[in-house]
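Coordinates as given in query-v8.pdb (PDB, C-alpha atoms):
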ATOM      1  CA  MET X   2      68.957  43.948   6.588
ATOM      2  CA  SER X   3      70.884  43.373   3.371
ATOM      3  CA  LYS X   4      74.193  41.539   3.288
ATOM      4  CA  LYS X   5      75.918  44.678   1.989
ATOM      5  CA  LEU X   6      74.629  46.826   4.902
ATOM      6  CA  ALA X   7      75.560  44.126   7.430
ATOM      7  CA  LEU X   8      79.126  44.052   6.126
ATOM      8  CA  ARG X   9      79.360  47.836   6.367
ATOM      9  CA  LEU X  10      78.179  47.758   9.989
ATOM     10  CA  LEU X  11      80.620  44.974  10.810
ATOM     11  CA  ALA X  12      83.505  46.954   9.331
ATOM     12  CA  LYS X  13      82.479  50.011  11.308
ATOM     13  CA  ARG X  14      82.412  48.034  14.569
ATOM     14  CA  GLN X  15      85.789  46.425  13.821
ATOM     15  CA  THR X  16      87.277  49.874  13.228
ATOM     16  CA  ALA X  17      85.868  51.091  16.555
ATOM     17  CA  ILE X  18      87.445  48.115  18.352
ATOM     18  CA  PHE X  19      90.756  48.683  16.626
ATOM     19  CA  GLU X  20      90.764  52.380  17.594
ATOM     20  CA  ASP X  21      89.848  51.465  21.184
ATOM     21  CA  ARG X  22      86.562  53.355  20.942
ATOM     22  CA  PHE X  23      84.362  50.346  21.632
ATOM     23  CA  ASP X  24      82.944  50.178  25.160
ATOM     24  CA  LEU X  25      81.458  47.080  26.749
ATOM     25  CA  HIS X  26      78.616  49.299  27.971
ATOM     26  CA  ASP X  27      77.377  49.232  24.375
ATOM     27  CA  ILE X  28      76.544  45.536  24.644
ATOM     28  CA  LYS X  29      75.844  45.301  28.373
ATOM     29  CA  LEU X  30      72.170  44.796  29.134
ATOM     30  CA  THR X  31      71.242  47.700  31.368
ATOM     31  CA  PRO X  32      68.228  47.390  33.710
ATOM     32  CA  ARG X  33      64.760  48.166  32.553
ATOM     33  CA  PHE X  34      63.597  51.601  33.610
ATOM     34  CA  SER X  35      60.761  50.174  35.716
ATOM     35  CA  ASP X  36      63.167  47.971  37.690
ATOM     36  CA  PHE X  37      65.775  50.645  38.302
ATOM     37  CA  ALA X  38      63.128  53.247  39.166
ATOM     38  CA  ARG X  39      61.789  50.897  41.857
ATOM     39  CA  GLU X  40      65.306  50.453  43.199
ATOM     40  CA  TYR X  41      65.876  54.230  43.114
ATOM     41  CA  LEU X  42      62.796  54.878  45.241
ATOM     42  CA  LEU X  43      63.734  52.289  47.858
ATOM     43  CA  THR X  44      67.490  52.726  48.130
ATOM     44  CA  PHE X  45      67.866  56.444  47.496
ATOM     45  CA  SER X  46      64.684  58.503  47.639
ATOM     46  CA  LYS X  47      63.119  56.871  50.707
ATOM     47  CA  ILE X  48      66.366  56.999  52.691
ATOM     48  CA  ASN X  49      67.651  60.436  51.738
ATOM     49  CA  LYS X  50      64.487  62.502  51.378
ATOM     50  CA  ALA X  51      61.769  63.730  53.712
ATOM     51  CA  PRO X  52      58.547  61.628  53.638
ATOM     52  CA  GLN X  53      56.632  64.283  51.697
ATOM     53  CA  SER X  54      59.351  64.501  49.024
ATOM     54  CA  TRP X  55      59.538  60.708  48.813
ATOM     55  CA  ARG X  56      55.778  60.492  48.229
ATOM     56  CA  ARG X  57      56.091  63.132  45.500
ATOM     57  CA  ASP X  58      58.885  61.063  43.909
ATOM     58  CA  GLN X  59      56.594  58.032  43.926
ATOM     59  CA  ILE X  60      53.976  59.953  41.963
ATOM     60  CA  SER X  61      56.585  61.168  39.455
ATOM     61  CA  VAL X  62      58.021  57.669  39.015
ATOM     62  CA  ASN X  63      54.534  56.248  38.401
ATOM     63  CA  ASN X  64      54.012  58.764  35.601
ATOM     64  CA  LEU X  65      57.457  58.131  34.119
ATOM     65  CA  ASN X  66      56.925  54.372  34.284
ATOM     66  CA  ILE X  67      53.832  54.525  32.113
ATOM     67  CA  PHE X  68      55.953  55.925  29.274
ATOM     68  CA  PHE X  69      59.480  54.567  29.899
ATOM     69  CA  GLY X  70      58.839  51.404  31.925
ATOM     70  CA  LYS X  71      59.327  48.950  29.058
ATOM     71  CA  TYR X  72      62.648  50.459  27.920
ATOM     72  CA  ARG X  73      66.114  49.626  29.185
ATOM     73  CA  LEU X  74      68.114  52.567  30.508
ATOM     74  CA  ASN X  75      70.436  52.634  27.498
ATOM     75  CA  GLU X  76      67.480  52.698  25.094
ATOM     76  CA  ILE X  77      66.079  55.984  26.370
ATOM     77  CA  LYS X  78      67.410  58.824  24.222
ATOM     78  CA  PRO X  79      66.829  62.608  24.411
ATOM     79  CA  MET X  80      64.298  62.500  21.552
ATOM     80  CA  LEU X  81      62.212  59.940  23.426
ATOM     81  CA  ILE X  82      62.190  62.249  26.453
ATOM     82  CA  GLU X  83      61.050  65.091  24.188
ATOM     83  CA  HIS X  84      58.141  62.886  23.121
ATOM     84  CA  TYR X  85      57.358  62.342  26.812
ATOM     85  CA  LYS X  86      57.199  66.117  27.350
ATOM     86  CA  GLN X  87      54.745  66.484  24.480
ATOM     87  CA  HIS X  88      52.700  63.541  25.738
ATOM     88  CA  ARG X  89      52.378  65.064  29.219
ATOM     89  CA  LEU X  90      51.525  68.499  27.834
ATOM     90  CA  GLY X  91      48.891  66.889  25.632
ATOM     91  CA  SER X  92      47.320  65.246  28.670
ATOM     92  CA  GLY X  93      46.884  68.651  30.296
ATOM     93  CA  ARG X  94      49.762  68.593  32.773
ATOM     94  CA  LYS X  95      51.345  71.898  33.788
ATOM     95  CA  PRO X  96      54.969  72.714  32.866
ATOM     96  CA  ALA X  97      55.985  72.820  36.550
ATOM     97  CA  THR X  98      54.713  69.256  37.047
ATOM     98  CA  ILE X  99      56.513  67.987  33.937
ATOM     99  CA  ASN X 100      59.742  69.762  34.926
ATOM    100  CA  ARG X 101      59.613  68.108  38.338
ATOM    101  CA  GLU X 102      59.331  64.719  36.624
ATOM    102  CA  LEU X 103      62.207  65.538  34.272
ATOM    103  CA  ALA X 104      64.350  66.603  37.226
ATOM    104  CA  LEU X 105      63.721  63.256  38.889
ATOM    105  CA  LEU X 106      64.528  61.433  35.639
ATOM    106  CA  LYS X 107      67.797  63.326  35.380
ATOM    107  CA  HIS X 108      68.802  62.486  38.949
ATOM    108  CA  LEU X 109      67.758  58.856  38.505
ATOM    109  CA  TYR X 110      70.245  58.594  35.633
ATOM    110  CA  THR X 111      72.906  60.309  37.747
ATOM    111  CA  VAL X 112      72.486  57.567  40.353
ATOM    112  CA  ALA X 113      72.536  54.949  37.583
ATOM    113  CA  GLU X 114      75.825  56.348  36.201
ATOM    114  CA  ARG X 115      77.306  56.368  39.693
ATOM    115  CA  ASN X 116      76.457  52.661  40.029
ATOM    116  CA  ASP X 117      77.702  51.753  36.543
ATOM    117  CA  GLU X 118      74.173  50.955  35.327
ATOM    118  CA  ALA X 119      74.139  53.672  32.656
ATOM    119  CA  ARG X 120      76.864  55.208  30.540
ATOM    120  CA  THR X 121      75.214  58.530  29.711
ATOM    121  CA  ASN X 122      72.448  60.727  31.090
ATOM    122  CA  PRO X 123      70.019  61.548  28.236
ATOM    123  CA  ALA X 124      67.982  63.888  30.468
ATOM    124  CA  LYS X 125      70.931  66.312  30.616
ATOM    125  CA  LYS X 126      70.386  67.083  26.949
ATOM    126  CA  VAL X 127      66.692  67.885  27.371
ATOM    127  CA  GLN X 128      65.590  71.441  28.035
ATOM    128  CA  LEU X 129      63.042  72.124  30.755
ATOM    129  CA  LEU X 130      59.745  73.742  29.876
ATOM    130  CA  ARG X 131      59.142  77.403  30.516
ATOM    131  CA  GLU X 132      56.957  77.779  33.598
ATOM    132  CA  ASP X 133      54.353  80.460  33.025
ATOM    133  CA  ASN X 134      51.782  78.653  35.150
ATOM    134  CA  VAL X 135      53.081  79.673  38.578
ATOM    135  CA  VAL X 136      50.459  81.806  40.305
ATOM    136  CA  GLN X 137      51.423  83.328  43.622
ATOM    137  CA  ARG X 138      48.337  84.136  45.681
ATOM    138  CA  VAL X 139      48.491  86.238  48.820
ATOM    139  CA  LEU X 140      45.498  86.698  51.102
ATOM    140  CA  SER X 141      44.414  90.249  51.771
ATOM    141  CA  GLU X 142      43.978  91.143  55.435
ATOM    142  CA  THR X 143      40.203  91.142  54.930
ATOM    143  CA  ASP X 144      40.235  87.670  53.314
ATOM    144  CA  GLU X 145      42.501  86.406  56.083
ATOM    145  CA  GLU X 146      40.027  87.534  58.753
ATOM    146  CA  ARG X 147      37.087  86.005  56.864
ATOM    147  CA  LEU X 148      38.868  82.692  56.454
ATOM    148  CA  ILE X 149      39.811  82.453  60.131
ATOM    149  CA  ARG X 150      36.302  83.419  61.244
ATOM    150  CA  SER X 151      34.686  80.817  58.937
ATOM    151  CA  ALA X 152      36.935  77.865  59.794
ATOM    152  CA  ALA X 153      35.933  75.132  62.232
ATOM    153  CA  PRO X 154      37.889  75.417  65.525
ATOM    154  CA  HIS X 155      40.359  72.609  64.768
ATOM    155  CA  VAL X 156      40.971  73.938  61.224
ATOM    156  CA  ARG X 157      41.187  77.523  62.474
ATOM    157  CA  ARG X 158      44.128  76.622  64.723
ATOM    158  CA  VAL X 159      46.003  75.048  61.787
ATOM    159  CA  VAL X 160      45.265  78.044  59.539
ATOM    160  CA  ILE X 161      46.511  80.546  62.136
ATOM    161  CA  CYS X 162      49.684  78.514  62.656
ATOM    162  CA  ALA X 163      50.361  78.583  58.895
ATOM    163  CA  LEU X 164      49.718  82.330  58.654
ATOM    164  CA  ASP X 165      51.835  83.157  61.707
ATOM    165  CA  THR X 166      54.788  80.819  61.065
ATOM    166  CA  GLY X 167      54.882  80.043  57.331
ATOM    167  CA  MET X 168      55.230  76.361  58.221
ATOM    168  CA  ARG X 169      54.321  73.767  55.613
ATOM    169  CA  LEU X 170      51.121  71.803  56.243
ATOM    170  CA  GLY X 171      53.047  68.582  56.858
ATOM    171  CA  GLU X 172      55.260  70.338  59.402
ATOM    172  CA  ILE X 173      52.209  71.699  61.223
ATOM    173  CA  LEU X 174      50.292  68.431  61.405
ATOM    174  CA  SER X 175      53.373  66.521  62.588
ATOM    175  CA  LEU X 176      54.294  69.124  65.240
ATOM    176  CA  LEU X 177      54.695  67.620  68.725
ATOM    177  CA  TRP X 178      54.423  69.435  72.041
ATOM    178  CA  GLU X 179      58.028  68.602  72.860
ATOM    179  CA  TYR X 180      59.047  70.996  70.063
ATOM    180  CA  VAL X 181      56.901  73.883  71.337
ATOM    181  CA  ASP X 182      58.708  75.982  73.942
ATOM    182  CA  LEU X 183      55.968  78.195  75.382
ATOM    183  CA  GLN X 184      58.242  79.629  78.049
ATOM    184  CA  ASN X 185      60.683  81.020  75.471
ATOM    185  CA  ARG X 186      57.908  81.457  72.891
ATOM    186  CA  VAL X 187      59.585  79.489  70.119
ATOM    187  CA  ILE X 188      58.731  76.525  67.863
ATOM    188  CA  ILE X 189      61.468  74.091  66.890
ATOM    189  CA  VAL X 190      60.656  72.689  63.452
ATOM    190  CA  ALA X 191      62.454  69.358  63.283
ATOM    191  CA  LYS X 192      60.603  67.344  60.624
ATOM    192  CA  THR X 193      61.322  69.494  57.599
ATOM    193  CA  LYS X 194      61.446  69.076  53.829
ATOM    194  CA  THR X 195      65.135  70.024  53.762
ATOM    195  CA  ARG X 196      65.919  67.965  56.905
ATOM    196  CA  LYS X 197      67.306  71.100  58.583
ATOM    197  CA  THR X 198      65.993  72.121  61.996
ATOM    198  CA  ARG X 199      64.856  75.728  62.360
ATOM    199  CA  GLU X 200      63.345  77.926  65.076
ATOM    200  CA  ILE X 201      60.312  80.183  64.666
ATOM    201  CA  PRO X 202      59.247  82.698  67.344
ATOM    202  CA  ILE X 203      55.618  82.477  68.496
ATOM    203  CA  ARG X 204      53.345  85.462  67.801
ATOM    204  CA  ARG X 205      50.725  86.599  70.322
ATOM    205  CA  ARG X 206      47.827  85.274  68.226
ATOM    206  CA  LEU X 207      49.485  81.881  67.874
ATOM    207  CA  MET X 208      50.261  81.798  71.596
ATOM    208  CA  THR X 209      46.518  81.913  72.243
ATOM    209  CA  VAL X 210      46.039  78.999  69.848
ATOM    210  CA  PHE X 211      48.594  76.904  71.731
ATOM    211  CA  GLU X 212      46.971  77.713  75.068
ATOM    212  CA  GLU X 213      43.631  76.515  73.674
ATOM    213  CA  ALA X 214      45.221  73.360  72.271
ATOM    214  CA  GLN X 215      46.724  72.535  75.660
ATOM    215  CA  THR X 216      43.228  71.924  77.019
ATOM    216  CA  GLN X 217      43.171  68.771  74.870
ATOM    217  CA  ALA X 218      46.699  67.467  75.414
ATOM    218  CA  THR X 219      50.131  68.559  76.584
ATOM    219  CA  SER X 220      52.092  65.765  74.925
ATOM    220  CA  GLY X 221      52.120  64.125  71.529
ATOM    221  CA  HIS X 222      50.596  65.957  68.573
ATOM    222  CA  VAL X 223      49.673  69.601  69.034
ATOM    223  CA  PHE X 224      46.832  69.815  66.516
ATOM    224  CA  ARG X 225      43.910  67.485  67.163
ATOM    225  CA  HIS X 226      40.257  66.881  66.327
ATOM    226  CA  PHE X 227      37.449  67.364  68.852
ATOM    227  CA  ASN X 228      37.798  63.703  69.887
ATOM    228  CA  GLY X 229      41.492  64.135  70.660
ATOM    229  CA  GLU X 230      42.741  62.271  67.595
ATOM    230  CA  PRO X 231      45.664  63.913  65.737
ATOM    231  CA  ILE X 232      44.616  65.758  62.578
ATOM    232  CA  LYS X 233      45.865  63.941  59.488
ATOM    233  CA  SER X 234      44.275  66.164  56.833
ATOM    234  CA  VAL X 235      42.475  69.505  56.590
ATOM    235  CA  ARG X 236      41.560  69.197  52.916
ATOM    236  CA  GLU X 237      37.787  69.148  53.412
ATOM    237  CA  GLY X 238      37.824  71.457  56.440
ATOM    238  CA  TYR X 239      39.869  74.077  54.595
ATOM    239  CA  LYS X 240      37.652  73.812  51.509
ATOM    240  CA  ASN X 241      34.530  74.251  53.645
ATOM    241  CA  ALA X 242      36.049  77.282  55.388
ATOM    242  CA  LEU X 243      36.731  78.941  52.021
ATOM    243  CA  SER X 244      33.159  78.223  50.979
ATOM    244  CA  ARG X 245      31.622  79.660  54.142
ATOM    245  CA  ALA X 246      33.857  82.728  53.825
ATOM    246  CA  GLY X 247      32.735  83.245  50.215
ATOM    247  CA  LEU X 248      36.316  82.902  48.961
ATOM    248  CA  GLU X 249      35.980  79.957  46.554
ATOM    249  CA  HIS X 250      36.469  82.262  43.576
ATOM    250  CA  ARG X 251      39.867  83.314  44.950
ATOM    251  CA  HIS X 252      41.178  79.753  44.568
ATOM    252  CA  TYR X 253      43.379  80.066  47.657
ATOM    253  CA  LEU X 254      45.453  76.933  48.252
ATOM    254  CA  PHE X 255      46.574  76.053  51.761
ATOM    255  CA  HIS X 256      50.146  76.648  50.616
ATOM    256  CA  ASP X 257      49.158  80.242  49.827
ATOM    257  CA  LEU X 258      49.084  80.849  53.577
ATOM    258  CA  ARG X 259      52.846  80.288  53.502
ATOM    259  CA  HIS X 260      53.112  82.768  50.618
ATOM    260  CA  THR X 261      51.115  85.244  52.663
ATOM    261  CA  PHE X 262      53.407  84.894  55.679
ATOM    262  CA  ALA X 263      56.506  85.524  53.542
ATOM    263  CA  THR X 264      54.954  88.500  51.778
ATOM    264  CA  ARG X 265      53.827  90.096  55.056
ATOM    265  CA  LEU X 266      57.412  89.862  56.348
ATOM    266  CA  ALA X 267      58.831  91.394  53.161
ATOM    267  CA  GLU X 268      56.304  94.233  53.282
ATOM    268  CA  CYS X 269      57.338  94.936  56.885
ATOM    269  CA  GLY X 270      60.923  95.399  55.728
ATOM    270  CA  VAL X 271      62.281  92.067  56.979
ATOM    271  CA  SER X 272      65.397  91.037  55.044
ATOM    272  CA  LEU X 273      65.082  88.196  52.538
ATOM    273  CA  PHE X 274      67.811  86.311  54.396
ATOM    274  CA  THR X 275      65.708  86.315  57.578
ATOM    275  CA  VAL X 276      62.616  85.281  55.596
ATOM    276  CA  LYS X 277      64.676  82.446  54.093
ATOM    277  CA  GLU X 278      65.678  81.210  57.549
ATOM    278  CA  LEU X 279      62.110  81.358  58.864
ATOM    279  CA  LEU X 280      60.745  79.484  55.848
ATOM    280  CA  GLY X 281      63.554  76.929  55.917
ATOM    281  CA  HIS X 282      64.651  77.367  52.306
ATOM    282  CA  SER X 283      67.989  76.028  51.103
ATOM    283  CA  THR X 284      68.653  79.013  48.855
ATOM    284  CA  ILE X 285      67.456  82.592  48.786
ATOM    285  CA  LEU X 286      66.367  82.143  45.150
ATOM    286  CA  THR X 287      63.434  80.073  46.375
ATOM    287  CA  THR X 288      62.548  82.740  48.926
ATOM    288  CA  GLN X 289      62.397  85.388  46.215
ATOM    289  CA  ARG X 290      59.517  83.486  44.593
ATOM    290  CA  TYR X 291      57.497  83.639  47.789
ATOM    291  CA  ALA X 292      58.287  87.096  49.110
ATOM    292  CA  HIS X 293      56.808  89.347  46.467
ATOM    293  CA  PRO X 294      55.319  92.810  47.008
ATOM    294  CA  GLY X 295      51.547  93.091  47.138
ATOM    295  CA  ARG X 296      49.411  95.755  45.471
ATOM    296  CA  ARG X 297      49.636  98.032  48.518
ATOM    297  CA  ALA X 298      53.436  97.896  48.539
ATOM    298  CA  LYS X 299      53.546  98.731  44.827
ATOM    299  CA  GLN X 300      51.168 101.642  45.340
ATOM    300  CA  ASP X 301      53.371 102.920  48.171
ATOM    301  CA  ALA X 302      56.408 102.707  45.885
ATOM    302  CA  ILE X 303      54.715 104.810  43.193
ATOM    303  CA  ALA X 304      53.432 107.236  45.836
ATOM    304  CA  ARG X 305      57.036 107.887  46.864
ATOM    305  CA  LEU X 306      57.736 109.162  43.367
ATOM    306  CA  ASP X 307      54.789 111.557  43.659
ATOM    307  CA  ARG X 308      55.978 112.808  47.050
ATOM    308  CA  HIS X 309      59.591 113.299  45.990
ATOM    309  CA  GLY X 310      58.982 114.414  42.424
ATOM    310  CA  ASP X 311      62.192 115.303  40.638
ATOM    311  CA  ALA X 312      64.223 114.691  43.822
ATOM    312  CA  CYS X 313      64.248 110.968  43.088
ATOM    313  CA  PRO X 314      66.781 109.915  40.442
TER     314      PRO X 314
END

When written as structure tokens, how does the structure in this file appear?
Amino acid sequence: MSKKLALRLLAKRQTAIFEDRFDLHDIKLTPRFSDFAREYLLTFSKINKAPQSWRRDQISVNNLNIFFGKYRLNEIKPMLIEHYKQHRLGSGRKPATINRELALLKHLYTVAERNDEARTNPAKKVQLLREDNVVQRVLSETDEERLIRSAAPHVRRVVICALDTGMRLGEILSLLWEYVDLQNRVIIVAKTKTRKTREIPIRRRLMTVFEEAQTQATSGHVFRHFNGEPIKSVREGYKNALSRAGLEHRHYLFHDLRHTFATRLAECGVSLFTVKELLGHSTILTTQRYAHPGRRAKQDAIARLDRHGDACP
């Protein structure tokens, strides 16, 4: 730096001090991103979020750390975050995944501002990516029957519960008998993503599943392996069921069973508000993504025009 430029910068800083525009945050050493991110996970995310959401935050923080870990919070500017977006896109990550990471980054800075560790939130000035990658898959009734028929008994029970309740996989595997009221035919979902308890009535098909499960145990976890151990994962069992059913090409995710439940309700004329309550969503906007009309419902809609002709406006 030349002497002339240094003098110009000094004069500029002196003017800022004189006009009371200089803030001590400008010279305060803010934490490194890696250190504050670790603190965020332990003191905020782990305490205030459901275990599944906390684990997802851990994954996002690990990815953010690779890029931002060496920087201090006040060194991360919007343009650097834009470079992060391009870096993640270049590595093949989907827009929805990147947006989730950006949302966490934005909230991390909000917490930092609240604790006087950051003066501004650079993530607020960064636009999220357009999400064209969201594919909503709904099982046809034929595919549903094939999947259930091809699943191993312990996986079949979990699949039927997902199709008949719309519960998340984590909610199903953590379900305890004390939250299953067979007399009143209702499930009380207590361990939820949104931390809000909800009730789901038990269908006839699911009632049979619970009666079968009671032959193994009547307390503790509802869904168990043949040896009585609680099921911790159905990843391989679900994959094998899809393979035996000849449905690999459909690329059905387990979460698509939840989509299917919501869509079936919507097609039966159930209000979106009721679907929202059954799914346990915080807002009805989320429910609208799940409850979408299938091909049959669209065909019925067009058929109405044919039946009514010019009578329809």

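With atom CA of X:Val127 on one side and atom CA of X:Phe68 on the other, the separation reads 16.2 Å.
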
Practice item. Would you mind reading off the distance between atom CA of X:Thr143 and atom CA of X:Leu273, one decimal, in Å? Key: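 Computed distance, atom CA of X:Thr143 to atom CA of X:Leu273, equals 25.2 Å.
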
Exercise for review: Expand the PyMOL selection byres ((chain X and resi 157) around 12) into the individual residues it matches in the shown file, reporting them as a PyMOL selection string.
Suggested key: chain X and resi 145-156+158-164+206-207+209-211+213-214+224-226+235+238-239+241-243

Would you mind exporting C-alpha atoms of the selected residues as a PDB file, in the frame of the given file?
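Below you can see again11.pdb, which holds the result:
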ATOM      1  CA  GLU X 145      42.501  86.406  56.083  1.00  0.00           C
ATOM      2  CA  GLU X 146      40.027  87.534  58.753  1.00  0.00           C
ATOM      3  CA  ARG X 147      37.087  86.005  56.864  1.00  0.00           C
ATOM      4  CA  LEU X 148      38.868  82.692  56.454  1.00  0.00           C
ATOM      5  CA  ILE X 149      39.811  82.453  60.131  1.00  0.00           C
ATOM      6  CA  ARG X 150      36.302  83.419  61.244  1.00  0.00           C
ATOM      7  CA  SER X 151      34.686  80.817  58.937  1.00  0.00           C
ATOM      8  CA  ALA X 152      36.935  77.865  59.794  1.00  0.00           C
ATOM      9  CA  ALA X 153      35.933  75.132  62.232  1.00  0.00           C
ATOM     10  CA  PRO X 154      37.889  75.417  65.525  1.00  0.00           C
ATOM     11  CA  HIS X 155      40.359  72.609  64.768  1.00  0.00           C
ATOM     12  CA  VAL X 156      40.971  73.938  61.224  1.00  0.00           C
ATOM     13  CA  ARG X 158      44.128  76.622  64.723  1.00  0.00           C
ATOM     14  CA  VAL X 159      46.003  75.048  61.787  1.00  0.00           C
ATOM     15  CA  VAL X 160      45.265  78.044  59.539  1.00  0.00           C
ATOM     16  CA  ILE X 161      46.511  80.546  62.136  1.00  0.00           C
ATOM     17  CA  CYS X 162      49.684  78.514  62.656  1.00  0.00           C
ATOM     18  CA  ALA X 163      50.361  78.583  58.895  1.00  0.00           C
ATOM     19  CA  LEU X 164      49.718  82.330  58.654  1.00  0.00           C
ATOM     20  CA  ARG X 206      47.827  85.274  68.226  1.00  0.00           C
ATOM     21  CA  LEU X 207      49.485  81.881  67.874  1.00  0.00           C
ATOM     22  CA  THR X 209      46.518  81.913  72.243  1.00  0.00           C
ATOM     23  CA  VAL X 210      46.039  78.999  69.848  1.00  0.00           C
ATOM     24  CA  PHE X 211      48.594  76.904  71.731  1.00  0.00           C
ATOM     25  CA  GLU X 213      43.631  76.515  73.674  1.00  0.00           C
ATOM     26  CA  ALA X 214      45.221  73.360  72.271  1.00  0.00           C
ATOM     27  CA  PHE X 224      46.832  69.815  66.516  1.00  0.00           C
ATOM     28  CA  ARG X 225      43.910  67.485  67.163  1.00  0.00           C
ATOM     29  CA  HIS X 226      40.257  66.881  66.327  1.00  0.00           C
ATOM     30  CA  VAL X 235      42.475  69.505  56.590  1.00  0.00           C
ATOM     31  CA  GLY X 238      37.824  71.457  56.440  1.00  0.00           C
ATOM     32  CA  TYR X 239      39.869  74.077  54.595  1.00  0.00           C
ATOM     33  CA  ASN X 241      34.530  74.251  53.645  1.00  0.00           C
ATOM     34  CA  ALA X 242      36.049  77.282  55.388  1.00  0.00           C
ATOM     35  CA  LEU X 243      36.731  78.941  52.021  1.00  0.00           C
TER      36      LEU X 243
END

Exercise for review: Run the PyMOL selection byres ((chain X and resi 99-108) around 8) mentally over the shown coordinates, then write out the matched residues as a list in words, using the chain letters and numbers from the document.
Suggested key: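 Evaluating the PyMOL selection byres ((chain X and resi 99-108) around 8) on this file yields Asp58, Ser61, Val62, Leu65, Lys86, Arg89, Leu90, Arg94, Lys95, Pro96, Ala97, Thr98, Leu109, Tyr110, Thr111, Val112, Asn122, Pro123, Ala124, Lys125, Leu129 and Leu130 of chain X.
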
Check your understanding: Pick from X:Ser46, X:Ser141, X:Ser54, X:Gln184: nearest to X:Asp257, with all atoms listed in the file counted?
Key ->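 When distances to X:Asp257 are compared using all atoms listed in the file, the smallest one comes from X:Ser141.
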
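With only C-alpha atoms as the atoms that count, the residue of X:Lys78, X:Arg57, X:Arg186, X:His88 with the shortest distance to X:Lys126 is X:Lys78.
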
Practice item. Quote the spacing between atom CA of X:Glu114 and atom CA of X:Asn66 in Å to one decimal place. Key: 19.1 Å

Point to revise | Expected selection from the PyMOL selection byres ((chain X and resi 191) around 9), given as a list of chain:residue names | key: X:Glu172, X:Leu176, X:Tyr180, X:Ile189, X:Val190, X:Lys192, X:Thr193, X:Arg196, X:Lys197, X:Thr198, X:Arg199, X:Glu200

Could you write those residues out with C-alpha atoms, as an mmCIF file, keeping the file's coordinate frame?
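File written: selection.cif
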data_model
loop_
_atom_site.group_PDB
_atom_site.id
_atom_site.type_symbol
_atom_site.label_atom_id
_atom_site.label_comp_id
_atom_site.auth_asym_id
_atom_site.auth_seq_id
_atom_site.Cartn_x
_atom_site.Cartn_y
_atom_site.Cartn_z
ATOM 1 C CA GLU X 172 55.260 70.338 59.402
ATOM 2 C CA LEU X 176 54.294 69.124 65.240
ATOM 3 C CA TYR X 180 59.047 70.996 70.063
ATOM 4 C CA ILE X 189 61.468 74.091 66.890
ATOM 5 C CA VAL X 190 60.656 72.689 63.452
ATOM 6 C CA LYS X 192 60.603 67.344 60.624
ATOM 7 C CA THR X 193 61.322 69.494 57.599
ATOM 8 C CA ARG X 196 65.919 67.965 56.905
ATOM 9 C CA LYS X 197 67.306 71.100 58.583
ATOM 10 C CA THR X 198 65.993 72.121 61.996
ATOM 11 C CA ARG X 199 64.856 75.728 62.360
ATOM 12 C CA GLU X 200 63.345 77.926 65.076
#

Check your understanding: For X:Gly229, which residue among X:Thr216, X:Thr288, X:Ser283, X:Asn185 is the nearest when counting only C-alpha atoms?
Key ->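 The answer is X:Thr216, which sits nearest to X:Gly229.
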
Exercise for review: Find the residues near X:Glu142: any atom within 12 Å, counting all atoms listed in the file, skip ones fewer than 6 places away on the same chain, and give them as a PyMOL selection string.
Suggested key: chain X and resi 148-149+164+258+261-262+264-265+295+297

**Study point:** Minimum-distance residue to X:His256, chosen among X:Ile285, X:Ala304, X:Val187, X:Val139 (using all atoms listed in the file)
**Key:**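 Of all the options, X:Val139 lies closest to X:His256.
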
Practice item. Write out as a PyMOL selection string the residues lying within 12 Å of X:His250, counting all atoms listed in the file and excluding same-chain residues fewer than 6 positions away. Key: chain X and resi 144+240+243-244
